[in-house]
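Asker: I am sharing run-v5.cif, which consists of mmCIF, C-alpha atoms:
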data_my_file
loop_
_atom_site.group_PDB
_atom_site.id
_atom_site.type_symbol
_atom_site.label_atom_id
_atom_site.label_comp_id
_atom_site.auth_asym_id
_atom_site.auth_seq_id
_atom_site.Cartn_x
_atom_site.Cartn_y
_atom_site.Cartn_z
ATOM 1 C CA MET F 1 -4.538 1.812 13.215
ATOM 2 C CA ALA F 2 -1.072 2.051 14.748
ATOM 3 C CA ARG F 3 0.104 -0.534 17.226
ATOM 4 C CA THR F 4 1.768 0.785 20.363
ATOM 5 C CA GLY F 5 2.790 -0.385 23.818
ATOM 6 C CA PHE F 6 5.699 -1.132 26.053
ATOM 7 C CA LEU F 7 8.387 -3.399 24.591
ATOM 8 C CA GLY F 8 7.477 -6.262 26.904
ATOM 9 C CA ILE F 9 3.840 -6.120 25.856
ATOM 10 C CA ILE F 10 4.888 -6.043 22.203
ATOM 11 C CA VAL F 11 7.094 -9.115 22.564
ATOM 12 C CA ILE F 12 4.452 -11.075 24.467
ATOM 13 C CA GLY F 13 1.793 -10.123 21.929
ATOM 14 C CA LEU F 14 4.043 -11.054 19.029
ATOM 15 C CA LEU F 15 4.829 -14.474 20.461
ATOM 16 C CA ALA F 16 1.136 -15.069 21.152
ATOM 17 C CA PHE F 17 0.371 -14.107 17.557
ATOM 18 C CA ILE F 18 2.959 -16.565 16.265
ATOM 19 C CA GLY F 19 1.559 -19.359 18.373
ATOM 20 C CA SER F 20 -2.101 -18.731 17.633
ATOM 21 C CA THR F 21 -2.195 -18.225 13.883
ATOM 22 C CA HIS F 22 -0.314 -21.267 12.658
ATOM 23 C CA ALA F 23 0.132 -23.798 15.419
ATOM 24 C CA GLN F 24 2.140 -26.057 13.123
ATOM 25 C CA LEU F 25 4.775 -23.381 12.596
ATOM 26 C CA GLN F 26 6.971 -23.038 15.646
ATOM 27 C CA MET F 27 10.160 -21.454 16.802
ATOM 28 C CA ASN F 28 13.167 -23.775 16.493
ATOM 29 C CA PHE F 29 11.193 -26.312 14.468
ATOM 30 C CA TYR F 30 14.452 -28.003 13.435
ATOM 31 C CA ALA F 31 15.948 -28.110 16.950
ATOM 32 C CA GLU F 32 16.023 -31.920 16.957
ATOM 33 C CA THR F 33 16.123 -32.806 13.263
ATOM 34 C CA CYS F 34 18.689 -30.233 12.102
ATOM 35 C CA PRO F 35 19.867 -28.158 15.074
ATOM 36 C CA LYS F 36 22.585 -26.303 13.141
ATOM 37 C CA ALA F 37 20.319 -25.247 10.256
ATOM 38 C CA GLU F 38 19.555 -21.689 11.313
ATOM 39 C CA THR F 39 23.164 -21.053 12.324
ATOM 40 C CA ILE F 40 24.420 -22.317 8.956
ATOM 41 C CA ILE F 41 22.011 -19.992 7.169
ATOM 42 C CA GLN F 42 22.841 -17.016 9.356
ATOM 43 C CA ASN F 43 26.590 -17.507 9.041
ATOM 44 C CA TYR F 44 26.449 -17.692 5.241
ATOM 45 C CA VAL F 45 24.358 -14.530 5.063
ATOM 46 C CA LYS F 46 26.661 -12.665 7.457
ATOM 47 C CA GLU F 47 29.681 -13.687 5.400
ATOM 48 C CA HIS F 48 28.389 -12.691 1.979
ATOM 49 C CA ILE F 49 25.769 -9.937 2.260
ATOM 50 C CA PRO F 50 28.313 -7.291 3.439
ATOM 51 C CA ASN F 51 30.088 -7.793 0.103
ATOM 52 C CA ALA F 52 26.841 -7.355 -1.854
ATOM 53 C CA PRO F 53 24.439 -5.361 0.364
ATOM 54 C CA SER F 54 21.972 -4.725 -2.460
ATOM 55 C CA LEU F 55 21.154 -8.431 -2.306
ATOM 56 C CA ALA F 56 19.328 -7.817 0.974
ATOM 57 C CA ALA F 57 16.669 -5.886 -0.920
ATOM 58 C CA ALA F 58 16.554 -8.508 -3.672
ATOM 59 C CA LEU F 59 16.056 -11.332 -1.184
ATOM 60 C CA ILE F 60 13.313 -9.649 0.834
ATOM 61 C CA ARG F 61 11.589 -8.834 -2.466
ATOM 62 C CA MET F 62 11.832 -12.477 -3.513
ATOM 63 C CA HIS F 63 10.285 -13.523 -0.200
ATOM 64 C CA PHE F 64 7.453 -11.000 -0.697
ATOM 65 C CA HIS F 65 6.739 -12.196 -4.236
ATOM 66 C CA ASP F 66 6.786 -15.807 -3.105
ATOM 67 C CA CYS F 67 4.283 -15.276 -0.285
ATOM 68 C CA PHE F 68 1.799 -13.447 -2.514
ATOM 69 C CA VAL F 69 1.394 -16.475 -4.797
ATOM 70 C CA ARG F 70 0.068 -19.652 -3.149
ATOM 71 C CA GLY F 71 1.570 -18.571 0.149
ATOM 72 C CA CYS F 72 5.140 -18.767 1.419
ATOM 73 C CA ASP F 73 5.994 -22.098 -0.212
ATOM 74 C CA ALA F 74 9.099 -21.315 -2.324
ATOM 75 C CA SER F 75 7.104 -21.768 -5.540
ATOM 76 C CA VAL F 76 8.875 -18.685 -6.930
ATOM 77 C CA LEU F 77 12.136 -20.671 -6.912
ATOM 78 C CA LEU F 78 10.959 -23.384 -9.307
ATOM 79 C CA ASN F 79 12.470 -23.644 -12.781
ATOM 80 C CA VAL F 80 10.777 -24.676 -16.007
ATOM 81 C CA SER F 81 10.321 -28.439 -16.155
ATOM 82 C CA SER F 82 9.011 -31.019 -18.596
ATOM 83 C CA THR F 83 5.634 -30.780 -16.884
ATOM 84 C CA ASN F 84 5.432 -27.015 -16.345
ATOM 85 C CA SER F 85 6.728 -24.271 -18.617
ATOM 86 C CA SER F 86 4.497 -21.531 -17.179
ATOM 87 C CA ILE F 87 6.333 -20.839 -13.925
ATOM 88 C CA GLU F 88 6.235 -17.833 -11.594
ATOM 89 C CA LYS F 89 9.759 -16.825 -12.597
ATOM 90 C CA ASN F 90 8.410 -15.919 -16.037
ATOM 91 C CA ALA F 91 5.806 -13.495 -14.665
ATOM 92 C CA VAL F 92 6.369 -9.820 -15.422
ATOM 93 C CA PRO F 93 7.035 -8.778 -11.800
ATOM 94 C CA ASN F 94 9.491 -11.650 -11.335
ATOM 95 C CA GLN F 95 11.657 -11.127 -14.391
ATOM 96 C CA THR F 96 13.926 -8.774 -12.445
ATOM 97 C CA LEU F 97 14.200 -10.968 -9.349
ATOM 98 C CA ARG F 98 17.719 -11.984 -8.421
ATOM 99 C CA GLY F 99 19.393 -13.983 -5.704
ATOM 100 C CA PHE F 100 18.278 -17.445 -6.792
ATOM 101 C CA ASP F 101 21.868 -18.690 -6.829
ATOM 102 C CA PHE F 102 22.319 -17.335 -3.292
ATOM 103 C CA ILE F 103 19.382 -19.422 -2.065
ATOM 104 C CA ASP F 104 20.735 -22.461 -3.926
ATOM 105 C CA ARG F 105 24.115 -22.139 -2.213
ATOM 106 C CA VAL F 106 22.499 -21.877 1.216
ATOM 107 C CA LYS F 107 20.330 -24.892 0.449
ATOM 108 C CA SER F 108 23.365 -26.956 -0.559
ATOM 109 C CA LEU F 109 25.073 -26.184 2.757
ATOM 110 C CA VAL F 110 21.993 -27.127 4.752
ATOM 111 C CA GLU F 111 21.478 -30.298 2.701
ATOM 112 C CA ALA F 112 25.064 -31.316 3.404
ATOM 113 C CA GLU F 113 24.320 -31.084 7.123
ATOM 114 C CA CYS F 114 20.784 -32.537 7.119
ATOM 115 C CA PRO F 115 19.600 -34.052 3.814
ATOM 116 C CA GLY F 116 15.895 -33.690 3.093
ATOM 117 C CA ILE F 117 14.976 -31.935 6.335
ATOM 118 C CA VAL F 118 14.877 -28.148 5.869
ATOM 119 C CA SER F 119 12.481 -26.672 3.319
ATOM 120 C CA CYS F 120 13.379 -24.088 0.715
ATOM 121 C CA ALA F 121 10.407 -22.055 1.976
ATOM 122 C CA ASP F 122 11.977 -21.790 5.425
ATOM 123 C CA ILE F 123 15.402 -21.082 3.957
ATOM 124 C CA LEU F 124 14.055 -18.192 1.866
ATOM 125 C CA THR F 125 12.179 -16.769 4.854
ATOM 126 C CA LEU F 126 15.229 -16.995 7.129
ATOM 127 C CA VAL F 127 17.620 -15.622 4.501
ATOM 128 C CA ALA F 128 15.368 -12.601 3.926
ATOM 129 C CA ARG F 129 15.328 -11.832 7.652
ATOM 130 C CA ASP F 130 19.042 -12.433 8.186
ATOM 131 C CA SER F 131 19.964 -10.296 5.168
ATOM 132 C CA VAL F 132 18.046 -7.304 6.513
ATOM 133 C CA VAL F 133 19.590 -7.758 9.958
ATOM 134 C CA THR F 134 23.069 -7.988 8.430
ATOM 135 C CA ILE F 135 22.775 -4.543 6.823
ATOM 136 C CA GLY F 136 21.649 -3.093 10.147
ATOM 137 C CA GLY F 137 17.883 -3.416 9.737
ATOM 138 C CA PRO F 138 15.267 -4.846 12.102
ATOM 139 C CA PHE F 139 15.165 -8.374 13.482
ATOM 140 C CA TRP F 140 11.960 -10.401 13.558
ATOM 141 C CA GLN F 141 11.091 -13.855 14.783
ATOM 142 C CA VAL F 142 10.770 -16.558 12.107
ATOM 143 C CA PRO F 143 8.784 -19.589 13.217
ATOM 144 C CA THR F 144 9.626 -22.502 10.944
ATOM 145 C CA GLY F 145 8.055 -25.697 9.680
ATOM 146 C CA ARG F 146 6.981 -24.532 6.222
ATOM 147 C CA ARG F 147 6.952 -27.082 3.441
ATOM 148 C CA ASP F 148 7.616 -26.508 -0.248
ATOM 149 C CA GLY F 149 4.885 -26.196 -2.857
ATOM 150 C CA VAL F 150 4.789 -28.265 -6.033
ATOM 151 C CA ILE F 151 2.841 -25.809 -8.217
ATOM 152 C CA SER F 152 4.199 -22.646 -9.837
ATOM 153 C CA ASN F 153 1.836 -20.632 -12.018
ATOM 154 C CA VAL F 154 2.795 -17.606 -14.105
ATOM 155 C CA THR F 155 -0.779 -16.320 -14.368
ATOM 156 C CA GLU F 156 -1.263 -16.347 -10.606
ATOM 157 C CA ALA F 157 1.964 -14.388 -10.162
ATOM 158 C CA ASN F 158 0.934 -11.767 -12.719
ATOM 159 C CA THR F 159 -2.455 -11.466 -11.030
ATOM 160 C CA ASN F 160 -1.539 -11.507 -7.333
ATOM 161 C CA ILE F 161 1.741 -9.587 -7.011
ATOM 162 C CA PRO F 162 1.263 -5.818 -6.586
ATOM 163 C CA ALA F 163 2.583 -3.747 -9.479
ATOM 164 C CA PRO F 164 4.547 -0.473 -9.395
ATOM 165 C CA SER F 165 1.678 1.149 -11.314
ATOM 166 C CA ASN F 166 -1.036 0.199 -8.809
ATOM 167 C CA ASN F 167 -3.173 2.862 -7.142
ATOM 168 C CA PHE F 168 -4.093 2.610 -3.469
ATOM 169 C CA THR F 169 -7.385 0.800 -4.068
ATOM 170 C CA ASN F 170 -5.718 -1.965 -6.057
ATOM 171 C CA LEU F 171 -2.812 -2.233 -3.636
ATOM 172 C CA LEU F 172 -5.121 -2.627 -0.667
ATOM 173 C CA ARG F 173 -7.246 -5.198 -2.521
ATOM 174 C CA LEU F 174 -4.179 -7.321 -3.284
ATOM 175 C CA PHE F 175 -2.973 -7.068 0.312
ATOM 176 C CA ASN F 176 -6.432 -7.855 1.684
ATOM 177 C CA ASN F 177 -6.522 -10.943 -0.532
ATOM 178 C CA GLN F 178 -3.546 -12.222 1.474
ATOM 179 C CA GLY F 179 -5.016 -11.361 4.869
ATOM 180 C CA LEU F 180 -2.978 -8.170 5.174
ATOM 181 C CA ASP F 181 -4.330 -4.692 5.877
ATOM 182 C CA ALA F 182 -3.522 -1.043 5.200
ATOM 183 C CA THR F 183 -1.061 -0.945 8.087
ATOM 184 C CA ASP F 184 0.835 -3.901 6.621
ATOM 185 C CA LEU F 185 0.783 -2.216 3.216
ATOM 186 C CA VAL F 186 2.493 0.918 4.522
ATOM 187 C CA LEU F 187 4.989 -0.957 6.684
ATOM 188 C CA LEU F 188 5.995 -3.573 4.122
ATOM 189 C CA SER F 189 6.367 -0.853 1.491
ATOM 190 C CA GLY F 190 8.990 0.550 3.840
ATOM 191 C CA ALA F 191 11.334 -2.160 2.543
ATOM 192 C CA HIS F 192 11.746 0.179 -0.439
ATOM 193 C CA THR F 193 14.155 2.079 1.791
ATOM 194 C CA ILE F 194 16.777 -0.317 0.421
ATOM 195 C CA GLY F 195 17.552 -1.546 -3.062
ATOM 196 C CA LEU F 196 17.310 -0.644 -6.720
ATOM 197 C CA ALA F 197 14.698 -0.537 -9.478
ATOM 198 C CA HIS F 198 14.876 -0.727 -13.257
ATOM 199 C CA CYS F 199 13.757 2.336 -15.203
ATOM 200 C CA SER F 200 11.419 0.344 -17.418
ATOM 201 C CA PRO F 201 8.754 -0.793 -16.937
ATOM 202 C CA ALA F 202 8.502 0.384 -13.318
ATOM 203 C CA VAL F 203 9.419 4.072 -13.540
ATOM 204 C CA THR F 204 9.440 5.384 -17.105
ATOM 205 C CA PRO F 205 5.638 5.463 -17.491
ATOM 206 C CA ARG F 206 5.631 8.180 -14.801
ATOM 207 C CA LEU F 207 8.266 10.120 -16.740
ATOM 208 C CA TYR F 208 7.150 9.787 -20.362
ATOM 209 C CA ASN F 209 3.586 8.471 -20.622
ATOM 210 C CA SER F 210 1.600 10.326 -17.990
ATOM 211 C CA THR F 211 -0.807 13.264 -18.086
ATOM 212 C CA GLY F 212 1.448 16.118 -16.986
ATOM 213 C CA PRO F 213 3.671 18.425 -19.076
ATOM 214 C CA GLY F 214 6.204 16.441 -21.091
ATOM 215 C CA GLY F 215 4.446 13.218 -20.169
ATOM 216 C CA VAL F 216 5.481 13.473 -16.504
ATOM 217 C CA ASP F 217 3.173 12.238 -13.770
ATOM 218 C CA PRO F 218 1.845 15.389 -12.055
ATOM 219 C CA THR F 219 1.982 13.636 -8.667
ATOM 220 C CA LEU F 220 5.774 13.286 -9.018
ATOM 221 C CA ASP F 221 7.961 16.182 -7.848
ATOM 222 C CA SER F 222 8.911 18.046 -11.036
ATOM 223 C CA GLU F 223 12.527 18.650 -10.042
ATOM 224 C CA TYR F 224 13.019 14.982 -9.175
ATOM 225 C CA ALA F 225 11.356 13.931 -12.438
ATOM 226 C CA ALA F 226 13.590 16.237 -14.477
ATOM 227 C CA ASN F 227 16.676 14.818 -12.791
ATOM 228 C CA LEU F 228 15.579 11.248 -13.476
ATOM 229 C CA LYS F 229 14.943 11.985 -17.158
ATOM 230 C CA ALA F 230 18.234 13.863 -17.609
ATOM 231 C CA ASN F 231 20.551 11.547 -15.683
ATOM 232 C CA LYS F 232 18.960 8.122 -15.196
ATOM 233 C CA CYS F 233 15.987 7.023 -17.297
ATOM 234 C CA LYS F 234 16.914 8.891 -20.481
ATOM 235 C CA THR F 235 14.506 6.990 -22.735
ATOM 236 C CA ALA F 236 11.061 5.534 -22.194
ATOM 237 C CA ASN F 237 12.166 1.982 -23.004
ATOM 238 C CA ASP F 238 15.355 1.844 -20.921
ATOM 239 C CA ASN F 239 15.120 -1.501 -19.135
ATOM 240 C CA THR F 240 18.777 -1.811 -18.140
ATOM 241 C CA THR F 241 19.535 1.269 -16.047
ATOM 242 C CA LYS F 242 18.992 0.807 -12.311
ATOM 243 C CA ILE F 243 18.095 3.602 -9.940
ATOM 244 C CA GLU F 244 18.031 3.846 -6.173
ATOM 245 C CA MET F 245 14.655 3.376 -4.531
ATOM 246 C CA ASP F 246 15.828 5.641 -1.705
ATOM 247 C CA PRO F 247 18.524 7.931 -3.182
ATOM 248 C CA GLY F 248 21.563 8.383 -0.960
ATOM 249 C CA SER F 249 20.369 5.807 1.557
ATOM 250 C CA ARG F 250 19.751 2.630 -0.415
ATOM 251 C CA ASN F 251 21.768 0.339 1.851
ATOM 252 C CA THR F 252 20.426 1.796 5.096
ATOM 253 C CA PHE F 253 17.168 0.564 6.600
ATOM 254 C CA ASP F 254 15.783 3.886 7.785
ATOM 255 C CA LEU F 255 12.826 6.253 7.522
ATOM 256 C CA SER F 256 14.027 8.292 4.562
ATOM 257 C CA TYR F 257 11.724 6.383 2.195
ATOM 258 C CA TYR F 258 8.734 7.844 4.028
ATOM 259 C CA THR F 259 10.325 11.294 4.050
ATOM 260 C CA LEU F 260 10.600 11.093 0.263
ATOM 261 C CA LEU F 261 6.946 10.095 -0.024
ATOM 262 C CA LYS F 262 5.935 13.302 1.753
ATOM 263 C CA LYS F 263 8.076 15.249 -0.752
ATOM 264 C CA ARG F 264 6.329 13.533 -3.701
ATOM 265 C CA ARG F 265 9.549 11.694 -4.513
ATOM 266 C CA GLY F 266 8.376 8.121 -4.192
ATOM 267 C CA LEU F 267 9.792 6.309 -7.218
ATOM 268 C CA PHE F 268 6.813 4.115 -8.114
ATOM 269 C CA GLN F 269 3.210 5.105 -8.593
ATOM 270 C CA SER F 270 2.468 2.534 -5.895
ATOM 271 C CA ASP F 271 4.774 4.441 -3.527
ATOM 272 C CA ALA F 272 3.052 7.734 -4.236
ATOM 273 C CA ALA F 273 -0.310 6.027 -3.753
ATOM 274 C CA LEU F 274 0.398 5.585 -0.041
ATOM 275 C CA THR F 275 -0.069 9.323 0.484
ATOM 276 C CA THR F 276 -3.473 9.388 -1.253
ATOM 277 C CA ASN F 277 -5.330 7.587 1.538
ATOM 278 C CA SER F 278 -5.983 9.228 4.900
ATOM 279 C CA THR F 279 -5.337 6.052 6.890
ATOM 280 C CA SER F 280 -2.025 5.255 5.250
ATOM 281 C CA LEU F 281 -0.916 8.894 5.326
ATOM 282 C CA ALA F 282 -1.629 9.073 9.048
ATOM 283 C CA LEU F 283 0.618 6.056 9.649
ATOM 284 C CA ILE F 284 3.374 7.587 7.514
ATOM 285 C CA ASN F 285 3.185 10.735 9.623
ATOM 286 C CA GLN F 286 3.279 8.690 12.816
ATOM 287 C CA LEU F 287 6.333 6.783 11.622
ATOM 288 C CA LEU F 288 8.131 10.019 10.766
ATOM 289 C CA SER F 289 7.358 11.545 14.153
ATOM 290 C CA SER F 290 8.451 8.450 16.093
ATOM 291 C CA PRO F 291 11.848 6.916 16.855
ATOM 292 C CA LEU F 292 13.303 4.547 14.283
ATOM 293 C CA SER F 293 12.737 1.741 16.785
ATOM 294 C CA PHE F 294 8.966 2.164 16.370
ATOM 295 C CA PHE F 295 9.246 1.507 12.623
ATOM 296 C CA TYR F 296 11.464 -1.506 13.286
ATOM 297 C CA THR F 297 8.990 -2.985 15.780
ATOM 298 C CA GLU F 298 5.974 -2.457 13.543
ATOM 299 C CA PHE F 299 7.797 -3.628 10.403
ATOM 300 C CA ALA F 300 8.785 -6.820 12.233
ATOM 301 C CA LYS F 301 5.157 -7.553 13.088
ATOM 302 C CA SER F 302 4.085 -7.200 9.470
ATOM 303 C CA MET F 303 6.964 -9.394 8.281
ATOM 304 C CA VAL F 304 5.940 -12.137 10.725
ATOM 305 C CA LYS F 305 2.373 -11.830 9.466
ATOM 306 C CA MET F 306 3.398 -11.962 5.807
ATOM 307 C CA GLY F 307 5.712 -14.914 6.394
ATOM 308 C CA GLN F 308 2.740 -17.009 7.534
ATOM 309 C CA ILE F 309 0.488 -16.465 4.511
ATOM 310 C CA ASN F 310 -1.062 -19.790 3.444
ATOM 311 C CA VAL F 311 1.918 -21.816 4.617
ATOM 312 C CA LYS F 312 2.051 -25.532 3.939
ATOM 313 C CA THR F 313 2.812 -27.665 6.985
ATOM 314 C CA GLY F 314 2.556 -31.255 8.187
ATOM 315 C CA THR F 315 2.221 -33.542 5.176
ATOM 316 C CA GLU F 316 1.377 -30.820 2.645
ATOM 317 C CA GLY F 317 3.813 -30.228 -0.188
ATOM 318 C CA GLN F 318 7.331 -31.650 0.146
ATOM 319 C CA ILE F 319 10.868 -30.852 1.235
ATOM 320 C CA ARG F 320 12.673 -30.219 -2.030
ATOM 321 C CA LYS F 321 16.169 -31.606 -2.446
ATOM 322 C CA GLN F 322 16.949 -28.732 -4.810
ATOM 323 C CA CYS F 323 15.028 -25.492 -4.549
ATOM 324 C CA ALA F 324 14.574 -25.094 -8.302
ATOM 325 C CA LEU F 325 13.198 -28.595 -8.866
ATOM 326 C CA ILE F 326 10.259 -30.624 -7.612
ATOM 327 C CA ASN F 327 11.398 -33.959 -6.217
ATOM 328 C CA SER F 328 11.044 -36.771 -8.732
#
Could you write out this structure as structure tokens?
Answerer:
Amino acid sequence: MARTGFLGIIVIGLLAFIGSTHAQLQMNFYAETCPKAETIIQNYVKEHIPNAPSLAAALIRMHFHDCFVRGCDASVLLNVSSTNSSIEKNAVPNQTLRGFDFIDRVKSLVEAECPGIVSCADILTLVARDSVVTIGGPFWQVPTGRRDGVISNVTEANTNIPAPSNNFTNLLRLFNNQGLDATDLVLLSGAHTIGLAHCSPAVTPRLYNSTGPGGVDPTLDSEYAANLKANKCKTANDNTTKIEMDPGSRNTFDLSYYTLLKKRRGLFQSDAALTTNSTSLALINQLLSSPLSFFYTEFAKSMVKMGQINVKTGTEGQIRKQCALINS
């Protein structure tokens, strides 16, 4: 289940994985056509994310939601148009996404340097990585060469994106549908170590509409639940209050998320579900008994894997001029 080895072996294996799975994605894809692209993106992220660190979580979440619907093709960025009013942005799990304007600003800078060359799909993937690195989190390689999709479907987003209410069986099914496994599920869930969540609809069902005393989910630590009801999510329909996914550590990419899971203080039902399966629980225990660098290395591998889901390359799709609009 767990992946171990000396650092050199890990790096060699990772590069081999990148080269073998999607030969048309490659490191430094824009080296000749837009050599400054990745530096422009990185510099913008480094300048602005320190002033709004919670955006790092928002941007990696956007990348995740994009890849789970038609692959990593920036379809989540598309706005309503005269030909499509049922876009991914309107899906329930995407209604709290933010950071679209951040991606648009990065795209405008890259377009000014190299018009029509760098895809929004690559920009989103690079921004997600650079944002995490900027707040002190792990680095991972991002091979580029993705092209942008031209279809955005609200039903597919509602169907394919994991929900906070999912149990382990449903979570694993949704991950398996994308070519990901239980190890990826646990590691990618670790991104919940940063960021915020809205009380409703993600959390309040565990506090008001479950099977335990007072409507509280019996798998949620009672003291934590009482604190959430008294000080954060005071009503069942509160959809404006935001709460920390990893209280006291929401801007630090660390292992405390997994520590909270073991204490039955995972915020979502889908977080708590990770402790209900022996395979996933064993990986959580291994992460907690290992150096932080082990989590970073394994998380990086799963991010590389996710970033290559059903990518469009070659002549597929297009290179959008604006990320929110299909080229006319």
Asker: Can you measure atom CA of F:Lys234 to atom CA of F:Ala57 for me? One decimal in Å is fine.
Answerer: 24.5 Å
Asker: List as an MDAnalysis selection string the protein and nucleic acid residues near stretch 181-192 of chain F, meaning an atom at most 10 Å away when only C-alpha atoms are counted, but skip any in the same chain fewer than 2 places from it.
Answerer: chainID F and resid 1:3 56:57 60:61 64 132 137 168 171:179 194:197 244:246 250 253:258 266:268 270:271 274:275 277 279:281 283:284 287 295:296 298:303 305:306
Asker: Could you expand the PyMOL selection byres ((chain F and resi 157) around 9) into the explicit residues it covers here, written as a short mmCIF file (atom, residue, chain, number, x, y, z; two decimals) with C-alpha atoms, keeping the file's coordinate frame?
Answerer:
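Below you can see part-v1.cif, which holds the result:
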data_model
loop_
_atom_site.label_atom_id
_atom_site.label_comp_id
_atom_site.auth_asym_id
_atom_site.auth_seq_id
_atom_site.Cartn_x
_atom_site.Cartn_y
_atom_site.Cartn_z
CA HIS F 65 6.74 -12.20 -4.24
CA ASP F 66 6.79 -15.81 -3.10
CA PHE F 68 1.80 -13.45 -2.51
CA VAL F 69 1.39 -16.48 -4.80
CA ARG F 70 0.07 -19.65 -3.15
CA VAL F 76 8.88 -18.68 -6.93
CA ILE F 87 6.33 -20.84 -13.92
CA GLU F 88 6.24 -17.83 -11.59
CA LYS F 89 9.76 -16.82 -12.60
CA ASN F 90 8.41 -15.92 -16.04
CA ALA F 91 5.81 -13.50 -14.66
CA VAL F 92 6.37 -9.82 -15.42
CA PRO F 93 7.04 -8.78 -11.80
CA ASN F 94 9.49 -11.65 -11.34
CA SER F 152 4.20 -22.65 -9.84
CA ASN F 153 1.84 -20.63 -12.02
CA VAL F 154 2.80 -17.61 -14.10
CA THR F 155 -0.78 -16.32 -14.37
CA GLU F 156 -1.26 -16.35 -10.61
CA ASN F 158 0.93 -11.77 -12.72
CA THR F 159 -2.46 -11.47 -11.03
CA ASN F 160 -1.54 -11.51 -7.33
CA ILE F 161 1.74 -9.59 -7.01
#
Asker: Hey, can you check how far atom CA of F:Ala272 sits from atom CA of F:Asn167?
Answerer: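 Rounded to one decimal, the two atoms are 8.4 Å apart.
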Asker: Atom CA of F:Leu180 and atom CA of F:Thr125 are how many Å apart?
Answerer: 17.4 Å
Asker: Name the residues captured by the PyMOL selection byres ((chain F and resi 324) around 12) when it is applied to the shown file; answer as number ranges by chain.
Answerer: F: 74-81, 87-89, 100-101, 103-105, 107-108, 119-121, 148-152, 319-323, 325-327
Asker: Between F:Lys263, F:Arg146, F:Lys242, F:Lys232, which residue has the minimum interatomic distance to F:Cys67, considering all atoms listed in the file?
Answerer: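 Using all atoms listed in the file, the shortest distance to F:Cys67 belongs to F:Arg146.
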Asker: Using all atoms listed in the file, can you tell me which of F:Cys114, F:Val106, F:Glu223, F:Ala128 comes closest to F:Leu55?
Answerer: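 Among the listed residues, the smallest separation from F:Leu55 belongs to F:Ala128.
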Asker: Which residue out of F:Ser86, F:Asn170, F:Ile41, F:Gly248 has the minimum interatomic distance to F:Leu124 when all atoms listed in the file are used?
Answerer: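 Closest to F:Leu124 of all the choices is F:Ile41.
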Asker: Give me the result of the PyMOL selection byres ((chain F and resi 200-204) around 9) on this file, residue by residue, as a VMD selection string.
Answerer: chain F and resid 163 to 165 197 to 199 205 to 209 229 233 to 241 267 to 269
Asker: With distances taken over only C-alpha atoms, which residue among F:Asn285, F:Ser131, F:Asn166, F:Gln141 lies nearest F:Pro53?
Answerer: F:Ser131
Asker: Would you mind writing stretch 269-277 of chain F with N, CA, C and O atoms, as a short mmCIF file (atom, residue, chain, number, x, y, z; two decimals), keeping the file's coordinate frame?
Answerer:
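Written out: out.cif:
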data_model
loop_
_atom_site.label_atom_id
_atom_site.label_comp_id
_atom_site.auth_asym_id
_atom_site.auth_seq_id
_atom_site.Cartn_x
_atom_site.Cartn_y
_atom_site.Cartn_z
N GLN F 269 4.56 4.62 -8.81
CA GLN F 269 3.21 5.11 -8.59
C GLN F 269 2.62 4.48 -7.33
O GLN F 269 1.88 5.13 -6.57
N SER F 270 2.97 3.23 -7.09
CA SER F 270 2.47 2.53 -5.90
C SER F 270 3.04 3.14 -4.62
O SER F 270 2.40 3.07 -3.56
N ASP F 271 4.22 3.72 -4.68
CA ASP F 271 4.77 4.44 -3.53
C ASP F 271 3.98 5.72 -3.28
O ASP F 271 3.54 6.00 -2.17
N ALA F 272 3.79 6.48 -4.35
CA ALA F 272 3.05 7.73 -4.24
C ALA F 272 1.63 7.50 -3.75
O ALA F 272 1.05 8.33 -3.05
N ALA F 273 1.07 6.34 -4.11
CA ALA F 273 -0.31 6.03 -3.75
C ALA F 273 -0.52 5.97 -2.25
O ALA F 273 -1.63 6.21 -1.75
N LEU F 274 0.53 5.70 -1.49
CA LEU F 274 0.40 5.58 -0.04
C LEU F 274 0.03 6.90 0.61
O LEU F 274 -0.48 6.92 1.73
N THR F 275 0.27 8.01 -0.07
CA THR F 275 -0.07 9.32 0.48
C THR F 275 -1.45 9.79 0.05
O THR F 275 -1.89 10.87 0.44
N THR F 276 -2.17 8.98 -0.74
CA THR F 276 -3.47 9.39 -1.25
C THR F 276 -4.62 8.90 -0.38
O THR F 276 -5.78 9.23 -0.63
N ASN F 277 -4.31 8.12 0.64
CA ASN F 277 -5.33 7.59 1.54
C ASN F 277 -5.10 8.14 2.94
O ASN F 277 -3.96 8.16 3.42
#
